[in-house]
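File shown: final-v5.tsv (TSV, C-alpha atoms).
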chain	number	residue	atom	x	y	z
A	69	MET	CA	24.99	128.69	176.12
A	70	SER	CA	22.71	126.91	173.72
A	71	ALA	CA	24.04	124.45	171.18
A	72	LYS	CA	22.80	126.69	168.39
A	73	ARG	CA	24.68	129.71	169.71
A	74	LEU	CA	27.83	127.68	170.32
A	75	THR	CA	27.72	126.25	166.80
A	76	ARG	CA	27.10	129.66	165.27
A	77	ASP	CA	30.03	131.22	167.16
A	78	ALA	CA	32.25	128.27	166.25
A	79	ILE	CA	31.44	128.75	162.55
A	80	PHE	CA	32.29	132.45	162.79
A	81	THR	CA	35.59	131.60	164.50
A	82	ALA	CA	36.39	128.97	161.90
A	83	VAL	CA	35.69	131.37	159.02
A	84	ALA	CA	37.82	134.08	160.66
A	85	LEU	CA	40.67	131.61	161.18
A	86	ILE	CA	40.56	130.36	157.60
A	87	ILE	CA	40.69	133.93	156.30
A	88	PHE	CA	43.50	134.70	158.74
A	89	ILE	CA	45.60	131.71	157.66
A	90	ILE	CA	45.06	132.42	153.95
A	91	GLU	CA	46.03	136.04	154.49
A	92	LEU	CA	49.31	134.92	156.07
A	93	GLN	CA	50.28	133.44	152.70
A	94	ILE	CA	49.98	136.81	151.02
A	95	PRO	CA	53.38	138.52	151.16
A	96	ALA	CA	53.63	141.94	152.79
A	97	LEU	CA	52.49	144.58	150.30
A	98	VAL	CA	54.34	147.49	151.87
A	99	PRO	CA	57.65	147.09	153.73
A	100	VAL	CA	56.31	148.70	156.89
A	101	PRO	CA	55.97	146.65	160.06
A	102	GLY	CA	52.32	146.08	160.97
A	103	VAL	CA	50.69	146.68	157.58
A	104	LYS	CA	48.31	143.94	156.53
A	105	LEU	CA	44.92	143.58	154.92
A	106	GLY	CA	43.21	142.51	158.12
A	107	LEU	CA	40.63	140.47	156.26
A	108	SER	CA	39.63	138.48	159.32
A	109	ASN	CA	38.33	141.73	160.76
A	110	VAL	CA	35.40	141.37	158.34
A	111	VAL	CA	34.18	138.49	160.49
A	112	THR	CA	34.69	140.40	163.74
A	113	VAL	CA	32.74	143.44	162.50
A	114	CYS	CA	29.97	141.18	161.18
A	115	ALA	CA	29.79	139.36	164.50
A	116	MET	CA	29.51	142.62	166.42
A	117	PHE	CA	26.58	143.83	164.35
A	118	LEU	CA	24.85	140.47	164.02
A	119	LEU	CA	25.54	138.60	167.25
A	120	GLY	CA	26.38	141.21	169.88
A	121	PRO	CA	29.35	142.06	172.12
A	122	ALA	CA	29.61	138.87	174.23
A	123	ASP	CA	29.75	136.50	171.26
A	124	THR	CA	32.12	138.83	169.41
A	125	ALA	CA	34.54	138.90	172.33
A	126	ALA	CA	34.62	135.09	172.37
A	127	ILE	CA	35.07	134.85	168.58
A	128	LEU	CA	37.77	137.52	168.52
A	129	PHE	CA	39.78	136.02	171.36
A	130	ALA	CA	39.52	132.49	169.99
A	131	ARG	CA	40.63	133.71	166.56
A	132	ILE	CA	43.62	135.66	167.93
A	133	PHE	CA	44.76	132.81	170.16
A	134	LEU	CA	44.30	130.03	167.60
A	135	GLY	CA	45.67	132.25	164.83
A	136	SER	CA	48.92	132.71	166.75
A	137	VAL	CA	49.12	128.96	167.45
A	138	PHE	CA	48.41	127.93	163.86
A	139	SER	CA	50.72	130.47	162.30
A	140	GLY	CA	53.48	129.30	164.67
A	141	ASN	CA	54.20	132.89	165.53
A	142	MET	CA	53.43	133.28	169.21
A	143	ALA	CA	55.50	136.48	169.21
A	144	SER	CA	52.67	138.12	167.28
A	145	PHE	CA	50.09	137.09	169.89
A	146	ILE	CA	50.59	140.09	172.14
A	147	TYR	CA	50.43	142.52	169.18
A	148	SER	CA	47.26	140.93	167.84
A	149	LEU	CA	45.71	140.91	171.28
A	150	ALA	CA	46.39	144.60	171.92
A	151	GLY	CA	45.16	145.52	168.45
A	152	GLY	CA	42.11	143.30	168.81
A	153	LEU	CA	41.24	144.72	172.22
A	154	LEU	CA	41.36	148.34	171.07
A	155	CYS	CA	39.45	147.41	167.93
A	156	TYR	CA	36.82	145.72	170.10
A	157	LEU	CA	36.40	148.82	172.27
A	158	VAL	CA	35.90	150.97	169.17
A	159	MET	CA	33.26	148.55	167.88
A	160	LEU	CA	31.54	148.59	171.26
A	161	ILE	CA	31.26	152.37	171.13
A	162	LEU	CA	30.18	152.45	167.47
A	163	ARG	CA	27.73	149.58	167.60
A	164	LYS	CA	24.68	151.60	168.58
A	165	ARG	CA	25.80	154.75	166.79
A	166	LEU	CA	26.05	153.40	163.25
A	167	GLY	CA	23.22	152.71	160.85
A	168	GLU	CA	23.13	149.67	158.60
A	169	LYS	CA	24.57	151.65	155.72
A	170	GLN	CA	27.42	152.98	157.86
A	171	ILE	CA	29.03	149.74	158.97
A	172	TRP	CA	31.98	150.47	156.68
A	173	VAL	CA	32.96	153.28	159.08
A	174	CYS	CA	33.47	150.64	161.74
A	175	GLY	CA	35.88	148.79	159.42
A	176	VAL	CA	37.99	151.91	158.97
A	177	LEU	CA	38.07	152.99	162.62
A	178	CYS	CA	38.77	149.42	163.74
A	179	ALA	CA	41.72	149.15	161.40
A	180	ILE	CA	43.14	152.42	162.75
A	181	ALA	CA	42.50	151.32	166.36
A	182	HIS	CA	44.17	147.99	165.65
A	183	ASN	CA	47.32	149.74	164.47
A	184	ILE	CA	47.39	152.10	167.43
A	185	GLY	CA	47.14	149.10	169.77
A	186	GLN	CA	49.95	147.31	167.94
A	187	ILE	CA	52.22	150.34	167.96
A	188	ALA	CA	51.57	150.91	171.67
A	189	VAL	CA	52.63	147.34	172.43
A	190	ALA	CA	55.62	147.58	170.11
A	191	ILE	CA	56.75	150.75	171.90
A	192	LEU	CA	56.38	149.06	175.30
A	193	VAL	CA	58.04	145.81	174.24
A	194	THR	CA	61.01	147.36	172.46
A	195	ALA	CA	61.22	150.45	174.69
A	196	THR	CA	61.52	152.59	171.55
A	197	PRO	CA	59.09	155.55	171.57
A	198	TYR	CA	60.43	156.41	168.13
A	199	LEU	CA	58.26	153.73	166.57
A	200	ILE	CA	55.42	156.23	166.66
A	201	SER	CA	56.92	157.67	163.46
A	202	TYR	CA	55.28	154.70	161.73
A	203	LEU	CA	51.80	155.70	162.84
A	204	PRO	CA	50.97	158.06	159.92
A	205	ILE	CA	51.86	155.55	157.20
A	206	LEU	CA	50.07	152.81	159.13
A	207	THR	CA	46.97	155.02	159.38
A	208	VAL	CA	47.00	155.68	155.63
A	209	CYS	CA	47.18	151.93	154.97
A	210	ALA	CA	44.57	151.24	157.64
A	211	ILE	CA	42.06	153.60	156.02
A	212	ILE	CA	42.50	151.92	152.64
A	213	THR	CA	42.32	148.36	153.95
A	214	GLY	CA	39.62	149.35	156.46
A	215	LEU	CA	37.39	150.71	153.70
A	216	PHE	CA	37.67	147.39	151.90
A	217	THR	CA	37.04	145.19	154.95
A	218	GLY	CA	34.36	147.58	156.20
A	219	PHE	CA	32.33	147.37	152.99
A	220	CYS	CA	32.81	143.59	152.91
A	221	ALA	CA	31.39	143.44	156.43
A	222	GLN	CA	28.53	145.77	155.54
A	223	PHE	CA	27.45	143.67	152.55
A	224	ALA	CA	27.82	140.48	154.56
A	225	VAL	CA	25.70	141.88	157.40
A	226	SER	CA	22.92	142.98	155.05
A	227	ARG	CA	22.77	139.51	153.53
A	228	LEU	CA	23.20	137.50	156.73
A	229	LYS	CA	20.82	139.38	159.02
A	230	ASN	CA	17.72	137.63	157.70
A	231	ILE	CA	19.28	134.20	158.09
A	232	LEU	CA	20.66	134.71	161.59
A	233	ARG	CA	17.76	136.49	163.24
B	119	MET	CA	23.40	158.75	164.85
B	120	ILE	CA	26.14	160.67	163.09
B	121	LYS	CA	25.49	161.41	159.42
B	122	THR	CA	27.40	159.48	156.78
B	123	LYS	CA	28.67	162.76	155.37
B	124	THR	CA	30.26	163.64	158.72
B	125	TRP	CA	32.00	160.26	158.83
B	126	VAL	CA	33.32	160.76	155.30
B	127	ILE	CA	34.73	164.14	156.28
B	128	ILE	CA	36.32	162.77	159.47
B	129	ILE	CA	37.93	159.88	157.62
B	130	CYS	CA	39.11	162.03	154.70
B	131	ALA	CA	40.63	164.54	157.10
B	132	THR	CA	42.43	161.78	159.03
B	133	PHE	CA	43.65	160.37	155.73
B	134	ALA	CA	44.96	163.74	154.54
B	135	VAL	CA	46.78	164.50	157.79
B	136	SER	CA	48.31	161.00	157.99
B	137	ALA	CA	49.33	161.04	154.34
B	138	ALA	CA	51.03	164.41	154.77
B	139	LEU	CA	52.89	163.21	157.87
B	140	ALA	CA	53.76	159.91	156.17
B	141	LEU	CA	55.35	161.84	153.31
B	142	ILE	CA	57.21	164.25	155.58
B	143	ILE	CA	58.61	161.78	158.14
B	144	PRO	CA	60.80	159.64	155.80
B	145	SER	CA	62.42	162.78	154.38
B	146	LEU	CA	63.44	163.99	157.83
B	147	LYS	CA	67.15	163.36	158.22
B	148	THR	CA	69.17	162.88	161.35
B	149	ASP	CA	72.57	164.49	161.41
B	150	GLY	CA	74.01	161.48	163.20
B	151	THR	CA	76.14	158.84	161.55
B	152	ILE	CA	76.09	156.21	164.26
B	153	ALA	CA	73.88	153.19	163.76
B	154	ASN	CA	72.71	151.75	167.08
B	155	VAL	CA	71.37	148.22	167.03
B	156	TYR	CA	68.82	147.54	169.75
B	157	LEU	CA	67.61	144.16	170.89
B	158	ASP	CA	64.73	144.22	173.39
B	159	GLY	CA	65.32	147.93	173.89
B	160	VAL	CA	68.97	147.44	174.87
B	161	CYS	CA	71.66	148.73	172.54
B	162	ILE	CA	73.91	145.80	171.71
B	163	ARG	CA	76.08	147.35	169.00
B	164	SER	CA	77.00	150.79	167.77
B	165	ILE	CA	78.65	151.34	164.42
B	166	ASP	CA	79.98	154.63	163.10
B	167	LEU	CA	78.84	154.34	159.48
B	168	GLU	CA	81.22	157.05	158.29
B	169	ARG	CA	84.20	155.03	159.45
B	170	VAL	CA	83.29	151.77	157.73
B	171	LYS	CA	86.01	151.06	155.17
B	172	THR	CA	85.06	147.66	153.81
B	173	PRO	CA	81.50	146.30	153.89
B	174	TYR	CA	80.94	143.54	156.43
B	175	SER	CA	78.08	141.67	157.99
B	176	PHE	CA	77.33	140.29	161.42
B	177	THR	CA	74.53	138.23	162.90
B	178	VAL	CA	72.39	139.18	165.86
B	179	THR	CA	71.09	136.09	167.61
B	180	SER	CA	68.50	135.92	170.33
B	181	GLU	CA	66.22	133.19	171.62
B	182	ARG	CA	63.64	134.43	169.10
B	183	GLY	CA	65.82	134.14	166.00
B	184	GLU	CA	68.57	135.60	163.87
B	185	ASN	CA	69.05	138.75	161.83
B	186	THR	CA	72.10	139.18	159.63
B	187	ILE	CA	73.00	142.84	159.32
B	188	LEU	CA	75.07	144.24	156.48
B	189	VAL	CA	77.11	147.40	156.97
B	190	GLU	CA	78.56	149.60	154.26
B	191	ARG	CA	80.04	153.05	154.35
B	192	GLY	CA	77.19	155.41	155.24
B	193	ARG	CA	74.45	152.82	155.29
B	194	ILE	CA	73.14	149.72	157.01
B	195	CYS	CA	70.50	147.09	156.28
B	196	VAL	CA	69.19	143.72	157.36
B	197	GLN	CA	70.49	141.26	154.78
B	198	SER	CA	68.61	138.18	155.91
B	199	ALA	CA	66.48	137.07	158.83
B	200	ASP	CA	64.51	134.05	159.95
B	201	CYS	CA	61.53	136.05	161.19
B	202	PRO	CA	58.12	135.14	159.72
B	203	ASP	CA	57.42	138.35	157.80
B	204	ARG	CA	60.95	139.48	156.73
B	205	ILE	CA	59.76	143.06	156.76
B	206	CYS	CA	63.10	144.09	158.28
B	207	VAL	CA	64.80	142.82	155.09
B	208	ASP	CA	62.25	144.51	152.80
B	209	GLN	CA	62.81	147.84	154.53
B	210	GLY	CA	66.16	147.99	152.76
B	211	TRP	CA	69.00	150.40	153.41
B	212	LEU	CA	68.95	152.90	156.23
B	213	SER	CA	71.13	155.95	155.78
B	214	GLY	CA	70.26	158.97	157.83
B	215	SER	CA	66.47	158.71	157.92
B	216	VAL	CA	64.76	159.14	161.28
B	217	SER	CA	62.52	156.10	160.73
B	218	PRO	CA	64.24	153.06	162.19
B	219	ILE	CA	64.53	149.57	160.70
B	220	VAL	CA	62.26	147.38	162.77
B	221	CYS	CA	61.96	143.62	163.16
B	222	LEU	CA	59.00	143.26	165.47
B	223	PRO	CA	59.06	139.46	165.80
B	224	HIS	CA	62.69	139.56	167.00
B	225	ARG	CA	62.34	142.88	168.82
B	226	LEU	CA	65.28	144.26	166.87
B	227	ILE	CA	65.60	147.92	165.97
B	228	ILE	CA	68.30	149.78	164.06
B	229	ARG	CA	68.40	153.54	164.45
B	230	ILE	CA	70.78	156.20	163.24
B	231	GLU	CA	71.68	158.58	166.03
B	232	ARG	CA	74.26	161.13	166.99
B	233	ARG	CA	75.69	159.21	169.90
B	234	ALA	CA	76.78	155.62	170.29
B	235	LYS	CA	74.62	153.87	172.86
B	236	SER	CA	77.02	150.95	173.12
B	237	ASP	CA	80.78	151.38	172.99
B	238	ILE	CA	81.78	147.97	171.65
B	239	ASP	CA	81.98	148.66	167.95
B	240	ALA	CA	82.50	152.37	167.85
B	241	ILE	CA	85.98	151.65	169.17
B	242	SER	CA	86.80	148.35	167.49
B	243	GLN	CA	85.80	149.44	163.98

With the file now loaded, output its structure as structure tokens.
Amino acid sequence: MSAKRLTRDAIFTAVALIIFIIELQIPALVPVPGVKLGLSNVVTVCAMFLLGPADTAAILFARIFLGSVFSGNMASFIYSLAGGLLCYLVMLILRKRLGEKQIWVCGVLCAIAHNIGQIAVAILVTATPYLISYLPILTVCAIITGLFTGFCAQFAVSRLKNILR
Amino acid sequence: MIKTKTWVIIICATFAVSAALALIIPSLKTDGTIANVYLDGVCIRSIDLERVKTPYSFTVTSERGENTILVERGRICVQSADCPDRICVDQGWLSGSVSPIVCLPHRLIIRIERRAKSDIDAISQ
């Protein structure tokens, strides 16, 4: 791995972490477990469309691991990891299928995938299949927040692609 | 490449279906009156809410943290907790809805069901 690539990935991770930590300070908007803005996903989506799958996997994992350490909430690690993994798979599928003006779709589908991953883990961890009753409200919130993060990522990609390539 | 219009339709349809379900689910009522408190998927306390005379609270402690649960006649809530997000507290009172109170960080769930899953409190209260 070249020094340039390492530095670039480190900057992406740092930006994602900063956004993640700042977002932690924002109180929960809706009293439903699992609902959050998911702003750090902007960085992940950008990375996928600008840097490619390998770099994105590294950035995503580093962000999830360090995010759990810095927030002092290791209990959330497994939820974030499951959500992040499913989100990553969705991005992998969508990467070649979305045009530059459609990146926002990735934001939405990622947010939904993230919630499905989290709920799946929550059901396994707590052995309560009933938690699935939260999926519809989580999906509604995910579409709204996903639209926002998706468009943020799209605008960021269109401005960054000339600098990074 | 799928057209943008198709994506918009897919996402709008998902939104509509989810929104409809999200509105329906909280209004679904269980006919049970027994609040079962689960920690790590194991029922640790069952309380018959109809038989509660005076409000009282108790604390559920695990290696992950504490949740103080308040019980009144016909309803139950998490009064305070030391979890990071305190969503369990924000969820407020639970009285007959099928959606459980959830504290993910502490793996604590309160559900209202027909049967007691633990016989400790159903008898002592």

Set the cut-off to 8 Å and count all atoms listed in the file: what are the residues of chain B that reach chain A? Output as a compact mmCIF listing (two decimals) with C-alpha atoms, keeping the file's coordinate frame.
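Saved to result_27.txt:
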# COMPACT_ATOMS: atom_id res chain seq x y z
CA MET B 119 23.40 158.75 164.85
CA ILE B 120 26.14 160.67 163.09
CA THR B 122 27.40 159.48 156.78
CA TRP B 125 32.00 160.26 158.83
CA ILE B 129 37.93 159.88 157.62
CA PHE B 133 43.65 160.37 155.73
CA VAL B 135 46.78 164.50 157.79
CA SER B 136 48.31 161.00 157.99
CA ALA B 137 49.33 161.04 154.34
CA LEU B 139 52.89 163.21 157.87
CA ALA B 140 53.76 159.91 156.17
CA ILE B 143 58.61 161.78 158.14
CA LEU B 157 67.61 144.16 170.89
CA ASP B 158 64.73 144.22 173.39
CA GLY B 159 65.32 147.93 173.89
CA PRO B 202 58.12 135.14 159.72
CA ASP B 203 57.42 138.35 157.80
CA ILE B 205 59.76 143.06 156.76
CA CYS B 206 63.10 144.09 158.28
CA ASP B 208 62.25 144.51 152.80
CA GLN B 209 62.81 147.84 154.53
CA SER B 217 62.52 156.10 160.73
CA PRO B 218 64.24 153.06 162.19
CA VAL B 220 62.26 147.38 162.77
CA CYS B 221 61.96 143.62 163.16
CA LEU B 222 59.00 143.26 165.47
CA PRO B 223 59.06 139.46 165.80
CA ARG B 225 62.34 142.88 168.82
CA LEU B 226 65.28 144.26 166.87
CA ILE B 227 65.60 147.92 165.97

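The spacing separating CA of Arg169 in chain B from CA of Val189 in chain B amounts to 10.7 Å.
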
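CA of Asp200 in chain B to CA of Leu128 in chain A spans 28.3 Å [interatomic distance, one decimal].
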
Exercise. Got a sec: who's within 7 Å of Ile132 in chain A, counting all atoms listed in the file, leaving out chain neighbours fewer than 2 positions off, as a PyMOL selection string?
Worked result: chain A and resi 128-130+134-136+145+148-149

For this session: Find the distance between CA of Asn230 in chain A and CA of Met116 in chain A and write it in Å to one decimal.
Result: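 Distance between the two atoms: 15.5 Å.
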
Problem set entry | Surrounding residues of Val225 in chain A excluding itself and chain neighbours under 3 positions, 9 Å, only C-alpha atoms, as a PyMOL selection string | chain A and resi 113-115+117-118+168+171+220-222+228-229

Take the residues just selected and output them with C-alpha atoms as an mmCIF file, in the coordinates of the input.
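Generated file (again.cif):
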data_model
loop_
_atom_site.group_PDB
_atom_site.id
_atom_site.type_symbol
_atom_site.label_atom_id
_atom_site.label_comp_id
_atom_site.auth_asym_id
_atom_site.auth_seq_id
_atom_site.Cartn_x
_atom_site.Cartn_y
_atom_site.Cartn_z
ATOM 1 C CA VAL A 113 32.740 143.440 162.500
ATOM 2 C CA CYS A 114 29.970 141.180 161.180
ATOM 3 C CA ALA A 115 29.790 139.360 164.500
ATOM 4 C CA PHE A 117 26.580 143.830 164.350
ATOM 5 C CA LEU A 118 24.850 140.470 164.020
ATOM 6 C CA GLU A 168 23.130 149.670 158.600
ATOM 7 C CA ILE A 171 29.030 149.740 158.970
ATOM 8 C CA CYS A 220 32.810 143.590 152.910
ATOM 9 C CA ALA A 221 31.390 143.440 156.430
ATOM 10 C CA GLN A 222 28.530 145.770 155.540
ATOM 11 C CA LEU A 228 23.200 137.500 156.730
ATOM 12 C CA LYS A 229 20.820 139.380 159.020
#

Exercise. Using only C-alpha atoms, which of the listed residues (A:Gly218, A:Gly120, A:Pro197, A:Gly152) sits closest to His182 in chain A?
Worked result: A:Gly152

I want to know what sits within 9 Å of Gly106 in chain A, based on only C-alpha atoms, with residues of the same chain fewer than 4 positions away left out; could you give that as a CSV table (one decimal) with C-alpha atoms, in the frame of the given file?
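And here is the file that came out, around.csv:
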chain,number,residue,atom,x,y,z
A,88,PHE,CA,43.5,134.7,158.7
A,91,GLU,CA,46.0,136.0,154.5
A,110,VAL,CA,35.4,141.4,158.3
A,179,ALA,CA,41.7,149.2,161.4
A,210,ALA,CA,44.6,151.2,157.6
A,213,THR,CA,42.3,148.4,154.0
A,214,GLY,CA,39.6,149.4,156.5
A,217,THR,CA,37.0,145.2,155.0

Need the axis-aligned box for range 191-194 of chain B with 8 Å each side, so what are the centre and edges in Å to one decimal, as lines of an AutoDock Vina configuration file?
center_x = 76.6
center_y = 152.6
center_z = 155.7
size_x = 22.9
size_y = 21.7
size_z = 18.7
